[in-house]
Amino acid sequence: MSPDDLKKLAAARALELVRPGMRLGLGTGSTAKHFVDLLGERVAKGLDVICVSTSEVTEAQARGLGIPMSTLEETPELDLTIDGADEVDSSLRLIKGGGAALLREKIVASASARMVVIADDSKLVPQLGRFPLPIEVVPFGLEVTRRAVLAAIAAAGASGDLVLRRKPDGSVLLTDGGHYILDAHLCAIAEPEALSAALASIPGVVEHGLFLGLATAAILAAGAGLTILGDLE
Ligand code: 5RP
């Protein structure tokens with residue numbers, strides 16, 4: 001099976017968790033895109049759900065499929081969010097934001113009673129940090145924020161380069177919220193909770209990609225079948 005087949009397999013299992021009348025959070029990325037496609041097929045056959053997206057890209061995809069969309073203003077409490085991840089550890093701690101949607105993804109996940117991660121099993125890691133940690137920052141005072149982020153990383157016992165994320169054409173990437181992303185190449189994050197707290201205390205940091213205590217389950221697909229972490233129901 002190709003990595004894309006595995007992503008679709010995980011998305012299909014997540015679709016089985018959806019019940020009529022549910023308020024759903026829709027994630028961002030190539031795996032979440034499969035889930036939205038499959039959900040669109042069910043909606044076309046009459047499934048009644050209301051959804052909130054985690055990015056402009058997912059919003060456009062869902063609307064194009066005829067999925068009823070809402071906002072967190074109208075629907076501030078969600079039953080279930082289905083989203084991908086860049087890394088998952090055995091305690092359901094995540095790194096997210098490879099698709100630059102971490103801020104809305106974290107807000108939507110925190111508004112949701114359950115967050116189920118869907119991924120191929122290459123995302124399961126013994127320790128977070130091999131994937132560069134995305135840190136969303138305001139453009140104002142970038143150098144001040146960059147230095148404070150480096151100090152926070154050192155205080156949490158990690159080290160590595162901070163790289164301002166750019167688009168393929170070389171221009172600086174702007175998130176849906178109009179912010180920049182600094183990718184922290186740390187290789188290993190020994191104390192995710194300490195790093196999360198340190199980053200959250202920096203004024204110019206809007207959000208970071210450590211999702212701690214948010215995911216309630218993960219569906220990880222491999223050639224041999226699905227591995228479930230946590231509680232799906
Ligand atoms: C977007 C994300 C994605 O969920 C994450 O990057 C995983 O993406 P993919 O399913 O394409 O591997 O956090 O901000």
# chains A, B, ... in the order shown; residues from 1 in each chain; ligands from 1

call {"tool": "select_by_dssp", "arguments": {"residues": "range 13-232 of chain A", "states": "helix (DSSP H, G or I)", "output": "PyMOL selection string"}}
result
chain A and resi 13-15+30-44+56-64+102-110+121-123+142-155+192-200

call {"tool": "residues_around", "arguments": {"residues": "range 130-141 of chain A", "least_positions_apart": "4", "cutoff": "6 Å", "atoms": "only C-alpha atoms", "output": "PyMOL selection string"}}
result
chain A and resi 97+179-185+187-188+204-209

call {"tool": "residues_near_ligand", "arguments": {"ligand": "ligand 1", "cutoff": "9 Å", "atoms": "only C-alpha atoms and all ligand atoms", "output": "PyMOL selection string"}}
result
chain A and resi 7+27-34+54-55+83-87+95-105+117-120+123+134+209

call {"tool": "closest_residue", "arguments": {"among": "A:Arg147, A:Lys106, A:Arg23, A:Arg93", "to": "Ile67 in chain A", "atoms": "only C-alpha atoms"}}
result
A:Arg23

call {"tool": "select_by_dssp", "arguments": {"residues": "range 58-101 of chain A", "states": "strand (DSSP E)", "output": "count of residues only"}}
result
10

call {"tool": "residues_around", "arguments": {"residues": "range 218-228 of chain A", "least_positions_apart": "2", "cutoff": "8 Å", "atoms": "only C-alpha atoms", "output": "VMD selection string"}}
result
chain A and resid 1 6 to 7 9 to 10 13 to 14 92 116 to 121 124 215 to 216 230 to 232

call {"tool": "closest_residue", "arguments": {"among": "A:Gly160, A:Gly66, A:Pro168, A:Pro192", "to": "Val43 in chain A", "atoms": "only C-alpha atoms"}}
result
A:Gly66

call {"tool": "closest_residue", "arguments": {"among": "A:Asp176, A:Ala44, A:Gly170, A:Gly21", "to": "Glu59 in chain A", "atoms": "only C-alpha atoms"}}
result
A:Asp176

call {"tool": "closest_residue", "arguments": {"among": "A:Leu164, A:Ala156, A:Ile189, A:Leu17", "to": "Pro126 in chain A", "atoms": "only C-alpha atoms"}}
result
A:Ile189

call {"tool": "atom_distance", "arguments": {"atom1": "CA of Ala194 in chain A", "atom2": "CA of Asp89 in chain A"}}
result
16.3 Å

call {"tool": "closest_residue", "arguments": {"among": "A:Asp37, A:Asp79, A:Glu56, A:Glu74", "to": "Pro20 in chain A", "atoms": "only C-alpha atoms"}}
result
A:Asp79

call {"tool": "atom_distance", "arguments": {"atom1": "CA of Leu78 in chain A", "atom2": "CA of Met115 in chain A"}}
result
9.7 Å

call {"tool": "atom_distance", "arguments": {"atom1": "CA of Leu80 in chain A", "atom2": "CA of Leu212 in chain A"}}
result
16.8 Å

call {"tool": "closest_residue", "arguments": {"among": "A:Leu26, A:Arg63, A:Thr58, A:Ala200", "to": "Thr145 in chain A", "atoms": "only C-alpha atoms"}}
result
A:Ala200
